[in-house]
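Peer 1: What follows is final.cif, mmCIF, N, CA and C atoms.
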```
data_upload
#
loop_
_atom_site.label_atom_id
_atom_site.label_comp_id
_atom_site.auth_asym_id
_atom_site.auth_seq_id
_atom_site.Cartn_x
_atom_site.Cartn_y
_atom_site.Cartn_z
N MET A 16 0.84 -1.17 0.00
CA MET A 16 0.00 0.00 0.00
C MET A 16 0.89 1.23 0.00
N GLY A 17 0.64 2.12 -0.92
CA GLY A 17 1.48 3.29 -1.05
C GLY A 17 1.07 4.39 -0.09
N SER A 18 1.90 5.41 -0.06
CA SER A 18 1.62 6.53 0.84
C SER A 18 0.39 7.31 0.40
N SER A 19 0.11 7.32 -0.92
CA SER A 19 -1.08 8.03 -1.39
C SER A 19 -2.36 7.32 -0.94
N ALA A 20 -2.33 6.00 -0.89
CA ALA A 20 -3.50 5.25 -0.42
C ALA A 20 -3.72 5.52 1.07
N ARG A 21 -2.63 5.55 1.84
CA ARG A 21 -2.72 5.84 3.28
C ARG A 21 -3.24 7.27 3.50
N ALA A 22 -2.78 8.18 2.68
CA ALA A 22 -3.23 9.56 2.80
C ALA A 22 -4.72 9.67 2.48
N ARG A 23 -5.17 8.94 1.46
CA ARG A 23 -6.59 8.95 1.12
C ARG A 23 -7.43 8.33 2.24
N ILE A 24 -6.95 7.24 2.82
CA ILE A 24 -7.66 6.60 3.94
C ILE A 24 -7.71 7.55 5.13
N ARG A 25 -6.59 8.21 5.41
CA ARG A 25 -6.55 9.16 6.51
C ARG A 25 -7.51 10.32 6.27
N GLU A 26 -7.56 10.81 5.04
CA GLU A 26 -8.47 11.90 4.69
C GLU A 26 -9.92 11.44 4.80
N MET A 27 -10.22 10.23 4.34
CA MET A 27 -11.58 9.69 4.45
C MET A 27 -11.98 9.52 5.93
N ARG A 28 -11.04 9.05 6.73
CA ARG A 28 -11.31 8.90 8.16
C ARG A 28 -11.56 10.25 8.81
N ARG A 29 -10.78 11.26 8.45
CA ARG A 29 -10.95 12.60 9.00
C ARG A 29 -12.32 13.16 8.61
N ARG A 30 -12.73 12.96 7.35
CA ARG A 30 -14.03 13.43 6.89
C ARG A 30 -15.16 12.72 7.62
N LEU A 31 -15.00 11.41 7.82
CA LEU A 31 -16.01 10.64 8.53
C LEU A 31 -16.17 11.13 9.97
N VAL A 32 -15.04 11.36 10.64
CA VAL A 32 -15.08 11.86 12.01
C VAL A 32 -15.72 13.24 12.05
N HIS A 33 -15.34 14.09 11.09
CA HIS A 33 -15.89 15.45 11.04
C HIS A 33 -17.40 15.41 10.82
N ARG A 34 -17.85 14.58 9.86
CA ARG A 34 -19.28 14.49 9.58
C ARG A 34 -20.04 13.87 10.76
N THR A 35 -19.43 12.90 11.42
CA THR A 35 -20.06 12.29 12.59
C THR A 35 -20.25 13.32 13.69
N HIS A 36 -19.24 14.14 13.93
CA HIS A 36 -19.36 15.20 14.94
C HIS A 36 -20.41 16.22 14.53
N ARG A 37 -20.46 16.54 13.24
CA ARG A 37 -21.45 17.50 12.76
C ARG A 37 -22.87 16.96 12.92
N VAL A 38 -23.06 15.68 12.58
CA VAL A 38 -24.38 15.07 12.72
C VAL A 38 -24.77 15.02 14.19
N ARG A 39 -23.83 14.67 15.07
CA ARG A 39 -24.13 14.63 16.50
C ARG A 39 -24.53 16.00 17.03
N SER A 40 -23.82 17.04 16.61
CA SER A 40 -24.18 18.38 17.08
C SER A 40 -25.53 18.81 16.50
N LEU A 41 -25.82 18.47 15.25
CA LEU A 41 -27.12 18.79 14.67
C LEU A 41 -28.24 18.05 15.40
N LEU A 42 -28.02 16.78 15.72
CA LEU A 42 -29.03 16.03 16.46
C LEU A 42 -29.23 16.60 17.86
N ARG A 43 -28.15 16.98 18.50
CA ARG A 43 -28.25 17.54 19.85
C ARG A 43 -29.04 18.85 19.81
N ARG A 44 -28.75 19.70 18.83
CA ARG A 44 -29.50 20.96 18.71
C ARG A 44 -30.97 20.71 18.39
N ALA A 45 -31.24 19.71 17.54
CA ALA A 45 -32.63 19.40 17.20
C ALA A 45 -33.38 18.88 18.43
N VAL A 46 -32.74 18.01 19.21
CA VAL A 46 -33.37 17.48 20.41
C VAL A 46 -33.62 18.60 21.42
N GLU A 47 -32.66 19.51 21.57
CA GLU A 47 -32.85 20.64 22.49
C GLU A 47 -33.99 21.54 22.02
N ALA A 48 -34.08 21.75 20.71
CA ALA A 48 -35.17 22.59 20.18
C ALA A 48 -36.52 21.93 20.40
N VAL A 49 -36.60 20.62 20.19
CA VAL A 49 -37.85 19.90 20.43
C VAL A 49 -38.20 19.93 21.91
N ASP A 50 -37.20 19.77 22.77
CA ASP A 50 -37.42 19.82 24.21
C ASP A 50 -37.98 21.17 24.64
N VAL A 51 -37.40 22.24 24.14
CA VAL A 51 -37.89 23.58 24.48
C VAL A 51 -39.31 23.78 23.94
N TRP A 52 -39.57 23.31 22.71
CA TRP A 52 -40.89 23.45 22.13
C TRP A 52 -41.93 22.70 22.97
N ILE A 53 -41.59 21.48 23.40
CA ILE A 53 -42.52 20.69 24.22
C ILE A 53 -42.75 21.38 25.56
N GLN A 54 -41.70 21.95 26.14
CA GLN A 54 -41.88 22.67 27.40
C GLN A 54 -42.80 23.87 27.23
N ASP A 55 -42.70 24.55 26.09
CA ASP A 55 -43.55 25.71 25.85
C ASP A 55 -44.99 25.33 25.52
N HIS A 56 -45.19 24.14 24.95
CA HIS A 56 -46.52 23.71 24.50
C HIS A 56 -46.94 22.42 25.20
N HIS A 57 -46.60 22.25 26.45
CA HIS A 57 -46.81 20.98 27.13
C HIS A 57 -48.28 20.61 27.26
N ILE A 58 -49.17 21.57 27.39
CA ILE A 58 -50.59 21.24 27.55
C ILE A 58 -51.12 20.63 26.25
N GLY A 59 -50.82 21.25 25.14
CA GLY A 59 -51.26 20.71 23.86
C GLY A 59 -50.66 19.36 23.56
N VAL A 60 -49.41 19.18 23.92
CA VAL A 60 -48.74 17.89 23.68
C VAL A 60 -49.40 16.80 24.50
N VAL A 61 -49.70 17.10 25.77
CA VAL A 61 -50.33 16.09 26.63
C VAL A 61 -51.73 15.76 26.15
N VAL A 62 -52.49 16.78 25.76
CA VAL A 62 -53.85 16.54 25.27
C VAL A 62 -53.81 15.71 23.98
N THR A 63 -52.90 16.05 23.08
CA THR A 63 -52.78 15.29 21.83
C THR A 63 -52.37 13.85 22.10
N MET A 64 -51.44 13.66 23.03
CA MET A 64 -50.99 12.31 23.36
C MET A 64 -52.13 11.50 23.97
N LEU A 65 -52.90 12.12 24.87
CA LEU A 65 -54.02 11.40 25.47
C LEU A 65 -55.10 11.07 24.43
N LEU A 66 -55.34 11.99 23.51
CA LEU A 66 -56.31 11.71 22.44
C LEU A 66 -55.84 10.56 21.55
N ALA A 67 -54.55 10.55 21.21
CA ALA A 67 -54.02 9.47 20.38
C ALA A 67 -54.09 8.13 21.12
N LEU A 68 -53.76 8.13 22.41
CA LEU A 68 -53.85 6.89 23.18
C LEU A 68 -55.29 6.43 23.31
N GLY A 69 -56.20 7.36 23.52
CA GLY A 69 -57.62 7.00 23.60
C GLY A 69 -58.15 6.44 22.29
N ALA A 70 -57.74 7.06 21.19
CA ALA A 70 -58.18 6.56 19.88
C ALA A 70 -57.62 5.16 19.62
N GLY A 71 -56.38 4.95 19.98
CA GLY A 71 -55.78 3.62 19.80
C GLY A 71 -56.45 2.57 20.67
N ALA A 72 -56.73 2.94 21.91
CA ALA A 72 -57.41 2.00 22.81
C ALA A 72 -58.82 1.71 22.31
N ALA A 73 -59.52 2.74 21.84
CA ALA A 73 -60.87 2.53 21.32
C ALA A 73 -60.85 1.63 20.09
N ALA A 74 -59.89 1.83 19.20
CA ALA A 74 -59.79 0.98 18.01
C ALA A 74 -59.47 -0.46 18.40
N LEU A 75 -58.60 -0.63 19.37
CA LEU A 75 -58.26 -1.98 19.82
C LEU A 75 -59.47 -2.66 20.45
N LEU A 76 -60.20 -1.92 21.29
CA LEU A 76 -61.39 -2.50 21.92
C LEU A 76 -62.47 -2.82 20.90
N TRP A 77 -62.61 -1.97 19.90
CA TRP A 77 -63.65 -2.17 18.90
C TRP A 77 -63.37 -3.41 18.06
N THR A 78 -62.11 -3.58 17.68
CA THR A 78 -61.79 -4.67 16.75
C THR A 78 -61.58 -6.00 17.45
N GLN A 79 -61.00 -6.00 18.66
CA GLN A 79 -60.68 -7.27 19.31
C GLN A 79 -61.13 -7.25 20.77
N TRP A 80 -62.42 -7.07 20.98
CA TRP A 80 -62.99 -6.94 22.31
C TRP A 80 -62.71 -8.18 23.18
N ALA A 81 -62.92 -9.37 22.66
CA ALA A 81 -62.74 -10.60 23.44
C ALA A 81 -61.28 -10.76 23.88
N LEU A 82 -60.35 -10.46 22.99
CA LEU A 82 -58.94 -10.59 23.33
C LEU A 82 -58.55 -9.58 24.40
N VAL A 83 -59.03 -8.36 24.27
CA VAL A 83 -58.68 -7.31 25.24
C VAL A 83 -59.26 -7.63 26.61
N THR A 84 -60.51 -8.08 26.67
CA THR A 84 -61.10 -8.39 27.97
C THR A 84 -60.44 -9.61 28.61
N ALA A 85 -60.06 -10.59 27.83
CA ALA A 85 -59.36 -11.75 28.39
C ALA A 85 -58.00 -11.34 28.93
N LEU A 86 -57.31 -10.49 28.19
CA LEU A 86 -56.01 -10.00 28.64
C LEU A 86 -56.15 -9.15 29.90
N ALA A 87 -57.20 -8.34 29.96
CA ALA A 87 -57.42 -7.50 31.14
C ALA A 87 -57.71 -8.36 32.37
N LYS A 88 -58.47 -9.44 32.20
CA LYS A 88 -58.75 -10.33 33.32
C LYS A 88 -57.47 -11.00 33.82
N ASP A 89 -56.57 -11.31 32.91
CA ASP A 89 -55.30 -11.94 33.32
C ASP A 89 -54.36 -10.93 33.98
N LEU A 90 -54.34 -9.72 33.46
CA LEU A 90 -53.37 -8.73 33.95
C LEU A 90 -53.86 -7.90 35.13
N ALA A 91 -55.14 -7.85 35.39
CA ALA A 91 -55.67 -6.99 36.45
C ALA A 91 -55.04 -7.27 37.81
N PRO A 92 -54.94 -8.53 38.27
CA PRO A 92 -54.31 -8.75 39.57
C PRO A 92 -52.84 -8.35 39.59
N VAL A 93 -52.15 -8.63 38.49
CA VAL A 93 -50.73 -8.29 38.43
C VAL A 93 -50.54 -6.77 38.47
N LEU A 94 -51.33 -6.05 37.69
CA LEU A 94 -51.21 -4.59 37.67
C LEU A 94 -51.62 -3.98 39.00
N THR A 95 -52.57 -4.59 39.68
CA THR A 95 -52.97 -4.10 41.00
C THR A 95 -51.82 -4.23 41.98
N ILE A 96 -51.18 -5.38 41.99
CA ILE A 96 -50.05 -5.60 42.90
C ILE A 96 -48.90 -4.66 42.56
N VAL A 97 -48.61 -4.51 41.27
CA VAL A 97 -47.52 -3.62 40.86
C VAL A 97 -47.82 -2.18 41.25
N SER A 98 -49.06 -1.75 41.09
CA SER A 98 -49.39 -0.37 41.45
C SER A 98 -49.31 -0.15 42.96
N ILE A 99 -49.70 -1.15 43.76
CA ILE A 99 -49.59 -1.02 45.21
C ILE A 99 -48.13 -0.93 45.63
N VAL A 100 -47.29 -1.78 45.05
CA VAL A 100 -45.86 -1.76 45.38
C VAL A 100 -45.23 -0.44 44.94
N ALA A 101 -45.56 0.02 43.74
CA ALA A 101 -44.98 1.27 43.25
C ALA A 101 -45.42 2.45 44.10
N THR A 102 -46.68 2.48 44.50
CA THR A 102 -47.17 3.56 45.36
C THR A 102 -46.46 3.54 46.70
N SER A 103 -46.26 2.35 47.26
CA SER A 103 -45.55 2.24 48.53
C SER A 103 -44.12 2.73 48.41
N LEU A 104 -43.45 2.32 47.34
CA LEU A 104 -42.07 2.76 47.15
C LEU A 104 -41.98 4.26 46.98
N LEU A 105 -42.89 4.84 46.21
CA LEU A 105 -42.88 6.29 46.03
C LEU A 105 -43.17 7.02 47.34
N ALA A 106 -44.05 6.46 48.16
CA ALA A 106 -44.34 7.07 49.46
C ALA A 106 -43.11 7.03 50.36
N VAL A 107 -42.39 5.91 50.33
CA VAL A 107 -41.18 5.80 51.15
C VAL A 107 -40.12 6.78 50.66
N VAL A 108 -39.96 6.89 49.36
CA VAL A 108 -38.97 7.83 48.81
C VAL A 108 -39.35 9.25 49.18
N ARG A 109 -40.63 9.61 49.08
CA ARG A 109 -41.08 10.95 49.46
C ARG A 109 -40.82 11.21 50.94
N TRP A 110 -41.05 10.20 51.78
CA TRP A 110 -40.82 10.34 53.21
C TRP A 110 -39.34 10.59 53.49
N PHE A 111 -38.45 9.81 52.83
CA PHE A 111 -37.02 10.02 53.02
C PHE A 111 -36.57 11.38 52.52
N ARG A 112 -37.12 11.84 51.39
CA ARG A 112 -36.75 13.16 50.88
C ARG A 112 -37.19 14.26 51.82
N LYS A 113 -38.38 14.10 52.40
CA LYS A 113 -38.87 15.10 53.34
C LYS A 113 -37.99 15.14 54.58
N ARG A 114 -37.60 13.98 55.09
CA ARG A 114 -36.72 13.92 56.25
C ARG A 114 -35.35 14.52 55.93
N ARG A 115 -34.84 14.24 54.74
CA ARG A 115 -33.53 14.80 54.35
C ARG A 115 -33.61 16.31 54.23
N ALA A 116 -34.69 16.81 53.63
CA ALA A 116 -34.85 18.26 53.50
C ALA A 116 -34.93 18.92 54.88
N ALA A 117 -35.64 18.27 55.81
CA ALA A 117 -35.72 18.82 57.16
C ALA A 117 -34.36 18.81 57.84
N ARG A 118 -33.61 17.74 57.66
CA ARG A 118 -32.27 17.65 58.26
C ARG A 118 -31.34 18.69 57.66
N MET A 119 -31.41 18.88 56.36
CA MET A 119 -30.56 19.88 55.71
C MET A 119 -30.94 21.29 56.17
N ALA A 120 -32.23 21.51 56.38
CA ALA A 120 -32.68 22.82 56.85
C ALA A 120 -32.20 23.08 58.27
N ARG A 121 -32.16 22.03 59.08
CA ARG A 121 -31.67 22.19 60.45
C ARG A 121 -30.17 22.44 60.48
N GLN A 122 -29.43 21.82 59.57
CA GLN A 122 -27.97 21.95 59.57
C GLN A 122 -27.51 23.26 58.95
N ALA A 123 -28.29 23.82 58.05
CA ALA A 123 -27.89 25.06 57.38
C ALA A 123 -28.05 26.23 58.35
N PRO A 124 -27.07 27.13 58.36
CA PRO A 124 -27.22 28.30 59.24
C PRO A 124 -28.31 29.21 58.70
N PRO A 125 -29.16 29.71 59.57
CA PRO A 125 -30.22 30.60 59.09
C PRO A 125 -29.62 31.91 58.59
N ALA A 126 -29.94 32.27 57.39
CA ALA A 126 -29.33 33.45 56.75
C ALA A 126 -29.84 34.74 57.38
N ALA A 127 -31.10 34.81 57.71
CA ALA A 127 -31.66 36.05 58.23
C ALA A 127 -31.21 36.31 59.66
N ALA A 128 -31.01 35.26 60.45
CA ALA A 128 -30.65 35.45 61.85
C ALA A 128 -29.18 35.81 62.01
N SER A 129 -28.35 35.47 61.04
CA SER A 129 -26.92 35.72 61.20
C SER A 129 -26.55 37.18 60.95
N VAL A 130 -27.38 37.93 60.23
CA VAL A 130 -27.09 39.33 59.94
C VAL A 130 -28.04 40.18 60.76
N PRO A 131 -27.51 41.00 61.69
CA PRO A 131 -28.41 41.83 62.49
C PRO A 131 -29.05 42.91 61.64
N ARG A 132 -30.27 43.23 61.97
CA ARG A 132 -31.01 44.24 61.23
C ARG A 132 -30.60 45.62 61.71
N GLN A 133 -30.33 46.52 60.78
CA GLN A 133 -29.91 47.86 61.13
C GLN A 133 -31.14 48.73 61.34
N ARG A 134 -31.10 49.50 62.43
CA ARG A 134 -32.26 50.32 62.76
C ARG A 134 -31.88 51.78 62.77
N ASP A 135 -32.83 52.62 62.41
CA ASP A 135 -32.63 54.06 62.51
C ASP A 135 -32.83 54.49 63.96
N ALA A 136 -32.32 55.65 64.28
CA ALA A 136 -32.51 56.16 65.64
C ALA A 136 -33.97 56.48 65.89
N GLU A 137 -34.69 56.95 64.86
CA GLU A 137 -36.10 57.29 65.04
C GLU A 137 -36.97 56.05 65.09
N ALA A 138 -36.58 55.00 64.42
CA ALA A 138 -37.39 53.78 64.41
C ALA A 138 -37.35 53.08 65.74
N SER A 139 -36.31 53.31 66.55
CA SER A 139 -36.21 52.62 67.82
C SER A 139 -36.97 53.33 68.93
N ARG A 140 -37.41 54.57 68.69
CA ARG A 140 -38.17 55.31 69.70
C ARG A 140 -39.62 54.86 69.71
N PRO A 141 -40.24 54.80 70.87
CA PRO A 141 -41.66 54.43 70.91
C PRO A 141 -42.51 55.57 70.36
N ASP A 142 -43.58 55.21 69.64
CA ASP A 142 -44.48 56.20 69.04
C ASP A 142 -45.62 56.56 69.97
N VAL A 143 -45.70 55.98 71.15
CA VAL A 143 -46.85 56.16 72.02
C VAL A 143 -46.59 57.30 72.99
N ALA A 144 -47.65 57.93 73.38
CA ALA A 144 -47.54 59.03 74.34
C ALA A 144 -47.15 58.49 75.70
N SER A 145 -46.64 59.35 76.55
CA SER A 145 -46.16 58.90 77.85
C SER A 145 -47.30 58.44 78.75
N GLY A 146 -48.51 58.86 78.50
CA GLY A 146 -49.63 58.49 79.34
C GLY A 146 -50.36 57.25 78.85
N ALA A 147 -49.79 56.49 77.92
CA ALA A 147 -50.45 55.31 77.37
C ALA A 147 -50.48 54.20 78.41
N PRO A 148 -51.49 53.31 78.33
CA PRO A 148 -51.55 52.20 79.28
C PRO A 148 -50.35 51.29 79.13
N SER A 149 -50.02 50.61 80.23
CA SER A 149 -48.85 49.74 80.20
C SER A 149 -49.11 48.58 79.25
N GLY A 150 -48.04 48.08 78.62
CA GLY A 150 -48.14 46.98 77.66
C GLY A 150 -48.18 47.46 76.23
N THR A 151 -48.52 48.74 76.00
CA THR A 151 -48.53 49.23 74.63
C THR A 151 -47.41 50.21 74.39
N GLY A 152 -46.72 50.64 75.38
CA GLY A 152 -45.65 51.62 75.19
C GLY A 152 -44.38 51.15 75.84
N GLY A 153 -43.50 52.08 76.08
CA GLY A 153 -42.24 51.76 76.74
C GLY A 153 -41.25 51.07 75.84
N GLY A 154 -41.36 51.21 74.54
CA GLY A 154 -40.38 50.62 73.62
C GLY A 154 -40.61 49.13 73.40
N GLU A 155 -41.68 48.60 73.90
CA GLU A 155 -41.95 47.18 73.75
C GLU A 155 -42.56 46.92 72.38
N ASP A 156 -41.98 45.99 71.63
CA ASP A 156 -42.46 45.69 70.29
C ASP A 156 -43.34 44.47 70.36
N LEU A 157 -44.59 44.59 69.97
CA LEU A 157 -45.53 43.49 70.10
C LEU A 157 -45.30 42.41 69.06
N ASP A 158 -44.60 42.70 67.98
CA ASP A 158 -44.33 41.71 66.94
C ASP A 158 -43.16 40.82 67.28
N GLY A 159 -42.40 41.15 68.28
CA GLY A 159 -41.24 40.35 68.64
C GLY A 159 -40.02 40.67 67.82
N ASP A 160 -39.98 41.81 67.15
CA ASP A 160 -38.86 42.17 66.30
C ASP A 160 -37.79 42.97 67.05
N LEU A 161 -37.96 43.25 68.32
CA LEU A 161 -37.05 44.10 69.05
C LEU A 161 -35.70 43.49 69.21
#
```
Is it possible to give me this structure as structure tokens?
Peer 2:
Amino acid sequence: MGSSARARIREMRRRLVHRTHRVRSLLRRAVEAVDVWIQDHHIGVVVTMLLALGAGAAALLWTQWALVTALAKDLAPVLTIVSIVATSLLAVVRWFRKRRAARMARQAPPAAASVPRQRDAEASRPDVASGAPSGTGGGEDLDGDL
């Protein structure tokens, strides 16, 4: 094999790699564009999907009713058990996530409490007259912000 054949093979390999990378980037951009479009139109997409599934199920029931009902009788107990197990697992996962979030909230330093609030000299004075009944004056803040 001569050097020109090797050079042609190398050039073909380089072109193949370049085109493969180009196709991958085009596919990635197309998938991202579809993803954004679906996020923007999610209600219509869900309604269309449910309509298509309903139409398919109706066509299946219409054409092969006996087969569908026999299959449903066979699968109903299995699907019931699977749904109970899946619901239990999701409840346990939700419980663990809630506990973890509570633990993380307890461990994190409170941001508002660490920085003291700055007060004006006029804001710290009581607004009540000196003859006011006790409990409403004397610089006592009823909101607990003092």
Peer 1: Interatomic distance between atom C of Arg44 of chain A and atom N of Met64 of chain A?
Peer 2: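 Atom C of Arg44 of chain A sits 22.1 Å away from atom N of Met64 of chain A.
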Peer 1: Quick one, how far is atom N of Ile99 of chain A from atom N of Arg115 of chain A?
Peer 2: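 Going from atom N of Ile99 of chain A over to atom N of Arg115 of chain A covers 24.0 Å.
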Peer 1: Using all atoms of segment 97-111 of chain A that appear in the file, construct an axis-aligned enclosing box with 6 Å of padding on every side and provide its centre coordinates and edge lengths in Å, rounded to one decimal, as AutoDock Vina command-line options.
Peer 2:
```
--center_x -43.1 --center_y 3.4 --center_z 47.2 --size_x 25.1 --size_y 27.9 --size_z 24.6
```
Peer 1: In Å to one decimal, how far is atom N of Ala48 of chain A from atom CA of Ala70 of chain A?
Peer 2: 28.5 Å
